[in-house]
$ cat coords-v9.cif   # mmCIF, C-alpha atoms
data_start
#
loop_
_atom_site.group_PDB
_atom_site.id
_atom_site.type_symbol
_atom_site.label_atom_id
_atom_site.label_comp_id
_atom_site.auth_asym_id
_atom_site.auth_seq_id
_atom_site.Cartn_x
_atom_site.Cartn_y
_atom_site.Cartn_z
ATOM 1 C CA MET A 13 -34.013 52.628 -58.701
ATOM 2 C CA ASP A 14 -35.549 53.282 -55.328
ATOM 3 C CA THR A 15 -35.957 49.847 -53.784
ATOM 4 C CA LEU A 16 -36.111 46.230 -54.641
ATOM 5 C CA ALA A 17 -38.589 45.674 -51.828
ATOM 6 C CA ALA A 18 -41.473 46.650 -54.073
ATOM 7 C CA THR A 19 -42.643 43.392 -55.592
ATOM 8 C CA THR A 20 -44.632 44.976 -58.374
ATOM 9 C CA PRO A 21 -43.024 48.036 -59.930
ATOM 10 C CA ALA A 22 -45.411 50.656 -61.207
ATOM 11 C CA PRO A 23 -45.725 50.802 -64.975
ATOM 12 C CA ALA A 24 -43.468 53.412 -66.494
ATOM 13 C CA PRO A 25 -44.985 56.535 -68.010
ATOM 14 C CA ALA A 26 -44.901 56.582 -71.806
ATOM 15 C CA ALA A 27 -42.059 59.143 -71.951
ATOM 16 C CA ALA A 28 -39.677 57.022 -69.872
ATOM 17 C CA PRO A 29 -39.205 54.187 -72.397
ATOM 18 C CA ALA A 30 -38.705 56.646 -75.262
ATOM 19 C CA ALA A 31 -36.017 58.574 -73.371
ATOM 20 C CA LEU A 32 -34.360 55.357 -72.260
ATOM 21 C CA ARG A 33 -34.445 54.027 -75.814
ATOM 22 C CA ARG A 34 -32.627 57.106 -77.132
ATOM 23 C CA LEU A 35 -30.077 56.856 -74.332
ATOM 24 C CA TYR A 36 -29.458 53.180 -75.122
ATOM 25 C CA PHE A 37 -28.827 53.977 -78.800
ATOM 26 C CA VAL A 38 -26.282 56.635 -77.766
ATOM 27 C CA ARG A 39 -24.622 54.181 -75.396
ATOM 28 C CA PHE A 40 -24.332 51.595 -78.173
ATOM 29 C CA ALA A 41 -22.739 54.100 -80.563
ATOM 30 C CA PHE A 42 -20.300 55.286 -77.904
ATOM 31 C CA ALA A 43 -19.291 51.738 -76.941
ATOM 32 C CA ALA A 44 -18.679 50.795 -80.569
ATOM 33 C CA VAL A 45 -16.538 53.865 -81.259
ATOM 34 C CA TRP A 46 -14.676 53.528 -77.957
ATOM 35 C CA ALA A 47 -13.914 49.850 -78.599
ATOM 36 C CA ALA A 48 -12.651 50.652 -82.100
ATOM 37 C CA LEU A 49 -10.389 53.404 -80.764
ATOM 38 C CA LEU A 50 -8.960 51.204 -78.016
ATOM 39 C CA PHE A 51 -8.393 48.421 -80.540
ATOM 40 C CA ALA A 52 -6.701 50.872 -82.919
ATOM 41 C CA SER A 53 -4.405 52.089 -80.162
ATOM 42 C CA ALA A 54 -3.089 48.504 -80.106
ATOM 43 C CA GLY A 55 -4.309 48.120 -76.558
ATOM 44 C CA THR A 56 -1.288 49.924 -75.154
ATOM 45 C CA LEU A 57 -1.284 52.004 -72.043
ATOM 46 C CA GLY A 58 0.054 55.117 -73.704
ATOM 47 C CA PRO A 59 -1.603 58.533 -73.444
ATOM 48 C CA LEU A 60 -4.417 57.607 -75.849
ATOM 49 C CA GLY A 61 -5.138 54.315 -74.085
ATOM 50 C CA ALA A 62 -5.104 55.938 -70.645
ATOM 51 C CA THR A 63 -7.400 58.720 -71.841
ATOM 52 C CA LEU A 64 -9.825 56.232 -73.351
ATOM 53 C CA LEU A 65 -9.859 54.250 -70.119
ATOM 54 C CA VAL A 66 -10.832 57.302 -68.064
ATOM 55 C CA ILE A 67 -13.387 58.526 -70.616
ATOM 56 C CA TYR A 68 -15.398 55.301 -70.534
ATOM 57 C CA PRO A 69 -16.589 55.536 -66.903
ATOM 58 C CA LEU A 70 -17.008 59.312 -67.237
ATOM 59 C CA PHE A 71 -19.360 58.690 -70.146
ATOM 60 C CA ASP A 72 -21.186 56.207 -67.921
ATOM 61 C CA VAL A 73 -21.571 58.966 -65.313
ATOM 62 C CA ALA A 74 -23.045 61.315 -67.932
ATOM 63 C CA CYS A 75 -25.480 58.642 -69.128
ATOM 64 C CA ALA A 76 -26.569 57.845 -65.583
ATOM 65 C CA VAL A 77 -27.192 61.553 -64.933
ATOM 66 C CA VAL A 78 -29.403 61.707 -68.031
ATOM 67 C CA ASP A 79 -31.146 58.525 -66.894
ATOM 68 C CA VAL A 80 -31.730 59.954 -63.386
ATOM 69 C CA ARG A 81 -33.234 63.156 -64.788
ATOM 70 C CA SER A 82 -35.545 61.218 -67.084
ATOM 71 C CA ALA A 83 -36.580 58.718 -64.405
ATOM 72 C CA ALA A 84 -37.105 61.436 -61.777
ATOM 73 C CA ALA A 85 -39.167 63.576 -64.173
ATOM 74 C CA ASP A 86 -41.436 60.591 -64.778
ATOM 75 C CA GLY A 87 -41.687 59.779 -61.075
ATOM 76 C CA GLY A 88 -39.494 56.704 -61.344
ATOM 77 C CA PRO A 89 -37.110 55.416 -58.694
ATOM 78 C CA VAL A 90 -33.496 56.562 -58.994
ATOM 79 C CA ARG A 91 -31.477 55.370 -55.972
ATOM 80 C CA HIS A 92 -29.476 52.700 -57.803
ATOM 81 C CA LEU A 93 -28.730 55.137 -60.619
ATOM 82 C CA TYR A 94 -27.082 57.441 -58.074
ATOM 83 C CA LEU A 95 -25.022 54.481 -56.880
ATOM 84 C CA ASN A 96 -23.943 53.895 -60.478
ATOM 85 C CA ILE A 97 -22.886 57.550 -60.789
ATOM 86 C CA ALA A 98 -20.732 57.273 -57.664
ATOM 87 C CA LEU A 99 -19.172 53.953 -58.736
ATOM 88 C CA SER A 100 -18.322 55.224 -62.212
ATOM 89 C CA ALA A 101 -16.887 58.515 -60.932
ATOM 90 C CA LEU A 102 -14.670 56.656 -58.461
ATOM 91 C CA THR A 103 -13.631 54.281 -61.229
ATOM 92 C CA ALA A 104 -12.531 57.157 -63.462
ATOM 93 C CA VAL A 105 -10.263 58.401 -60.675
ATOM 94 C CA GLY A 106 -9.068 54.866 -59.966
ATOM 95 C CA LEU A 107 -8.272 54.241 -63.617
ATOM 96 C CA ALA A 108 -6.342 57.500 -63.899
ATOM 97 C CA LEU A 109 -4.207 56.405 -60.951
ATOM 98 C CA ALA A 110 -3.944 52.773 -62.087
ATOM 99 C CA ALA A 111 -2.804 53.811 -65.564
ATOM 100 C CA THR A 112 0.434 55.061 -63.992
ATOM 101 C CA SER A 113 1.086 51.582 -62.558
ATOM 102 C CA GLY A 114 0.481 49.444 -65.633
ATOM 103 C CA VAL A 115 -2.023 47.153 -67.311
ATOM 104 C CA PRO A 116 -2.502 44.753 -64.354
ATOM 105 C CA ALA A 117 -3.528 47.642 -62.079
ATOM 106 C CA VAL A 118 -5.929 48.907 -64.737
ATOM 107 C CA LEU A 119 -7.485 45.473 -65.125
ATOM 108 C CA ARG A 120 -7.981 45.183 -61.367
ATOM 109 C CA VAL A 121 -9.762 48.554 -61.185
ATOM 110 C CA TRP A 122 -11.792 47.841 -64.325
ATOM 111 C CA GLY A 123 -12.645 44.387 -62.977
ATOM 112 C CA ALA A 124 -13.899 45.785 -59.674
ATOM 113 C CA TRP A 125 -15.998 48.306 -61.592
ATOM 114 C CA ALA A 126 -17.370 45.650 -63.947
ATOM 115 C CA VAL A 127 -18.474 43.538 -60.975
ATOM 116 C CA THR A 128 -20.127 46.363 -59.034
ATOM 117 C CA ALA A 129 -21.616 48.175 -62.028
ATOM 118 C CA GLY A 130 -22.828 44.850 -63.406
ATOM 119 C CA LEU A 131 -24.669 44.136 -60.177
ATOM 120 C CA VAL A 132 -26.248 47.607 -60.243
ATOM 121 C CA GLN A 133 -27.252 47.136 -63.895
ATOM 122 C CA LEU A 134 -28.801 43.791 -63.028
ATOM 123 C CA VAL A 135 -30.825 45.342 -60.173
ATOM 124 C CA VAL A 136 -31.968 48.277 -62.326
ATOM 125 C CA GLY A 137 -32.933 45.947 -65.188
ATOM 126 C CA VAL A 138 -35.012 43.768 -62.867
ATOM 127 C CA ALA A 139 -36.709 46.837 -61.386
ATOM 128 C CA ARG A 140 -37.532 48.113 -64.891
ATOM 129 C CA ARG A 141 -38.685 44.794 -66.317
ATOM 130 C CA ARG A 142 -42.300 45.939 -66.711
ATOM 131 C CA MET A 143 -41.083 48.686 -69.010
ATOM 132 C CA GLY A 144 -40.033 46.021 -71.501
ATOM 133 C CA GLY A 145 -36.739 45.529 -73.282
ATOM 134 C CA GLN A 146 -34.834 44.908 -70.055
ATOM 135 C CA TRP A 147 -33.856 41.256 -70.437
ATOM 136 C CA ALA A 148 -30.759 42.398 -72.337
ATOM 137 C CA MET A 149 -29.835 44.748 -69.476
ATOM 138 C CA ILE A 150 -30.338 41.943 -66.958
ATOM 139 C CA ALA A 151 -28.132 39.600 -69.005
ATOM 140 C CA SER A 152 -25.558 42.339 -69.532
ATOM 141 C CA GLY A 153 -25.385 43.002 -65.786
ATOM 142 C CA GLY A 154 -24.777 39.331 -65.077
ATOM 143 C CA ILE A 155 -22.146 39.017 -67.800
ATOM 144 C CA SER A 156 -20.429 42.198 -66.642
ATOM 145 C CA THR A 157 -20.143 40.783 -63.146
ATOM 146 C CA LEU A 158 -18.533 37.589 -64.448
ATOM 147 C CA ALA A 159 -16.265 39.529 -66.808
ATOM 148 C CA GLY A 160 -15.089 41.697 -63.925
ATOM 149 C CA VAL A 161 -13.929 38.617 -62.058
ATOM 150 C CA SER A 162 -12.070 37.439 -65.166
ATOM 151 C CA PHE A 163 -10.360 40.845 -65.581
ATOM 152 C CA ALA A 164 -9.111 40.677 -62.009
ATOM 153 C CA ALA A 165 -7.855 37.127 -62.586
ATOM 154 C CA GLN A 166 -6.193 38.130 -65.871
ATOM 155 C CA ALA A 167 -4.392 40.969 -64.072
ATOM 156 C CA GLY A 168 -2.380 38.384 -62.162
ATOM 157 C CA GLY A 169 -1.320 36.524 -65.300
ATOM 158 C CA ALA A 170 1.497 37.042 -67.750
ATOM 159 C CA GLY A 171 -0.819 37.920 -70.642
ATOM 160 C CA ALA A 172 -2.545 40.925 -69.060
ATOM 161 C CA SER A 173 -3.854 43.040 -71.924
ATOM 162 C CA LEU A 174 -6.211 45.942 -72.485
ATOM 163 C CA LYS A 175 -7.542 44.210 -75.602
ATOM 164 C CA THR A 176 -9.976 42.195 -73.493
ATOM 165 C CA LEU A 177 -11.721 45.469 -72.674
ATOM 166 C CA VAL A 178 -12.484 45.974 -76.379
ATOM 167 C CA GLY A 179 -14.750 42.936 -76.512
ATOM 168 C CA TYR A 180 -16.295 43.762 -73.146
ATOM 169 C CA ALA A 181 -17.222 47.299 -74.203
ATOM 170 C CA PHE A 182 -18.510 46.271 -77.608
ATOM 171 C CA LEU A 183 -20.630 43.440 -76.207
ATOM 172 C CA GLY A 184 -22.033 45.825 -73.601
ATOM 173 C CA GLY A 185 -22.923 48.205 -76.424
ATOM 174 C CA VAL A 186 -24.693 45.408 -78.298
ATOM 175 C CA PHE A 187 -26.786 44.721 -75.208
ATOM 176 C CA PHE A 188 -27.771 48.403 -75.117
ATOM 177 C CA LEU A 189 -28.711 48.204 -78.807
ATOM 178 C CA VAL A 190 -30.834 45.091 -78.266
ATOM 179 C CA SER A 191 -32.557 46.713 -75.311
ATOM 180 C CA ALA A 192 -33.248 49.882 -77.320
ATOM 181 C CA LEU A 193 -34.778 47.836 -80.127
ATOM 182 C CA ARG A 194 -36.874 45.826 -77.648
ATOM 183 C CA LEU A 195 -38.101 49.037 -76.000
ATOM 184 C CA GLY A 196 -39.218 50.224 -79.429
ATOM 185 C CA ARG A 197 -41.118 47.004 -79.970
ATOM 186 C CA ALA A 198 -42.695 47.219 -76.526
ATOM 187 C CA ALA A 199 -43.845 50.790 -77.265
ATOM 188 C CA LYS A 200 -45.445 49.711 -80.547
ATOM 189 C CA GLY A 201 -47.204 46.830 -78.823
ATOM 190 C CA ALA A 202 -48.659 49.059 -76.097
#

$ encode --input "coords-v9.cif" --output "structure tokens"
Amino acid sequence: MDTLAATTPAPAPAAAPAALRRLYFVRFAFAAVWAALLFASAGTLGPLGATLLVIYPLFDVACAVVDVRSAAADGGPVRHLYLNIALSALTAVGLALAATSGVPAVLRVWGAWAVTAGLVQLVVGVARRRMGGQWAMIASGGISTLAGVSFAAQAGGAGASLKTLVGYAFLGGVFFLVSALRLGRAAKGA
């Protein structure tokens, strides 16, 4: 999104909510499958677990690129989406490196990403609120920020586990699903 200084965001063109709705459905499906795969890998930091960890933020990068293209084509603001792309790309690299050091290192990197990406998601959701269906994105951004702090705290404990990421990813996916459904309702009401 371009700025938060604008107090009244311009209404989104009709194509923007439809594209965003499709993207949110894809994000839900990905999060559900990813969470199931991480759960099935018993939450270990073997090759499958490490690969899944790196894939998640890379998928976020791809989704943000799609979101930027859609928002830019409709004349929408995109600055915070570019920030999300950079954060997620750096996180993928960080997770690849952290995976060689163990679960606590992974949780610290994931926690930092959850905090920063959550804040960006919160800002983008607020900026898009006139589009409809964004309360779930706003809530998800806030919860992600809090979860990130808990991941970092868990990294210092004896019970550090990747399994906590399963619930985080799945809940995030549910928020995308709710937002997609709300965008559909908003489009029908318009």

$ resolve_selection --input "coords-v9.cif" --expression "the PyMOL selection byres ((chain A and resi 74) around 12)" --output "number ranges by chain"
A: 35, 38-39, 42, 67-73, 75-81, 93-94, 96-98, 100-101

$ closest_atom_pairs --input "coords-v9.cif" --of "range 40-141 of chain A" --to "range 183-191 of chain A" --cutoff "8 Å" --atoms "all atoms listed in the file" --output "CSV"
residue,atom,partner,partner_atom,distance
A:Phe40,CA,A:Gly185,CA,4.1
A:Ala41,CA,A:Gly185,CA,7.2
A:Phe42,CA,A:Gly185,CA,7.7
A:Ala43,CA,A:Gly185,CA,5.1
A:Ala44,CA,A:Gly185,CA,6.5

$ axis_aligned_box --input "coords-v9.cif" --around "range 182-186 of chain A" --padding-each-side "8 Å" --output "lines of an AutoDock Vina configuration file"
center_x = -21.6
center_y = 45.8
center_z = -75.9
size_x = 22.2
size_y = 20.8
size_z = 20.7

$ closest_residue --input "coords-v9.cif" --among "A:Ala126, A:Gln146, A:Lys175, A:Gly58" --to "Ala111 in chain A" --atoms "only C-alpha atoms"
A:Gly58

$ resolve_selection --input "coords-v9.cif" --expression "the PyMOL selection byres ((chain A and resi 49) around 12)" --output "MDAnalysis selection string"
chainID A and resid 42:48 50:56 60:65 67:68 174:175 177:178 181:182

$ resolve_selection --input "coords-v9.cif" --expression "the PyMOL selection byres ((chain A and resi 160) around 8)" --output "ChimeraX atom specification"
/A:122-127,156-159,161-164

$ closest_residue --input "coords-v9.cif" --among "A:Gln133, A:Gln166, A:Arg91, A:Val138" --to "Gly154 in chain A" --atoms "only C-alpha atoms"
A:Gln133

$ build_atoms --input "coords-v9.cif" --residues "range 55-78 of chain A" --atoms "N, CA and C atoms" --output "tab-separated table (two decimals), in the coordinates of the input"
chain	number	residue	atom	x	y	z
A	55	GLY	N	-4.13	48.55	-77.93
A	55	GLY	CA	-4.31	48.12	-76.56
A	55	GLY	C	-3.17	48.50	-75.63
A	56	THR	N	-2.41	49.50	-76.00
A	56	THR	CA	-1.29	49.92	-75.15
A	56	THR	C	-1.77	50.91	-74.10
A	57	LEU	N	-0.94	51.09	-73.12
A	57	LEU	CA	-1.28	52.00	-72.04
A	57	LEU	C	-0.55	53.33	-72.21
A	58	GLY	N	-0.52	53.81	-73.44
A	58	GLY	CA	0.05	55.12	-73.70
A	58	GLY	C	-0.96	56.19	-73.37
A	59	PRO	N	-0.68	57.43	-73.75
A	59	PRO	CA	-1.60	58.53	-73.44
A	59	PRO	C	-3.01	58.33	-74.02
A	60	LEU	N	-3.09	57.83	-75.26
A	60	LEU	CA	-4.42	57.61	-75.85
A	60	LEU	C	-5.17	56.52	-75.10
A	61	GLY	N	-4.50	55.41	-74.82
A	61	GLY	CA	-5.14	54.32	-74.08
A	61	GLY	C	-5.59	54.75	-72.71
A	62	ALA	N	-4.75	55.47	-71.99
A	62	ALA	CA	-5.10	55.94	-70.64
A	62	ALA	C	-6.29	56.90	-70.70
A	63	THR	N	-6.29	57.78	-71.69
A	63	THR	CA	-7.40	58.72	-71.84
A	63	THR	C	-8.70	57.98	-72.13
A	64	LEU	N	-8.63	57.01	-73.03
A	64	LEU	CA	-9.82	56.23	-73.35
A	64	LEU	C	-10.36	55.50	-72.12
A	65	LEU	N	-9.45	54.97	-71.32
A	65	LEU	CA	-9.86	54.25	-70.12
A	65	LEU	C	-10.62	55.15	-69.15
A	66	VAL	N	-10.18	56.37	-68.99
A	66	VAL	CA	-10.83	57.30	-68.06
A	66	VAL	C	-12.14	57.83	-68.66
A	67	ILE	N	-12.18	58.01	-69.96
A	67	ILE	CA	-13.39	58.53	-70.62
A	67	ILE	C	-14.57	57.57	-70.48
A	68	TYR	N	-14.30	56.27	-70.55
A	68	TYR	CA	-15.40	55.30	-70.53
A	68	TYR	C	-16.27	55.43	-69.28
A	69	PRO	N	-15.71	55.37	-68.07
A	69	PRO	CA	-16.59	55.54	-66.90
A	69	PRO	C	-17.16	56.94	-66.76
A	70	LEU	N	-16.45	57.96	-67.27
A	70	LEU	CA	-17.01	59.31	-67.24
A	70	LEU	C	-18.24	59.41	-68.13
A	71	PHE	N	-18.20	58.74	-69.27
A	71	PHE	CA	-19.36	58.69	-70.15
A	71	PHE	C	-20.51	57.97	-69.43
A	72	ASP	N	-20.17	56.92	-68.69
A	72	ASP	CA	-21.19	56.21	-67.92
A	72	ASP	C	-21.83	57.13	-66.90
A	73	VAL	N	-21.03	57.98	-66.27
A	73	VAL	CA	-21.57	58.97	-65.31
A	73	VAL	C	-22.57	59.87	-66.03
A	74	ALA	N	-22.17	60.40	-67.18
A	74	ALA	CA	-23.04	61.32	-67.93
A	74	ALA	C	-24.36	60.62	-68.31
A	75	CYS	N	-24.27	59.38	-68.75
A	75	CYS	CA	-25.48	58.64	-69.13
A	75	CYS	C	-26.38	58.40	-67.92
A	76	ALA	N	-25.78	58.08	-66.80
A	76	ALA	CA	-26.57	57.84	-65.58
A	76	ALA	C	-27.25	59.13	-65.12
A	77	VAL	N	-26.58	60.27	-65.29
A	77	VAL	CA	-27.19	61.55	-64.93
A	77	VAL	C	-28.41	61.81	-65.83
A	78	VAL	N	-28.27	61.56	-67.12
A	78	VAL	CA	-29.40	61.71	-68.03
A	78	VAL	C	-30.52	60.76	-67.63
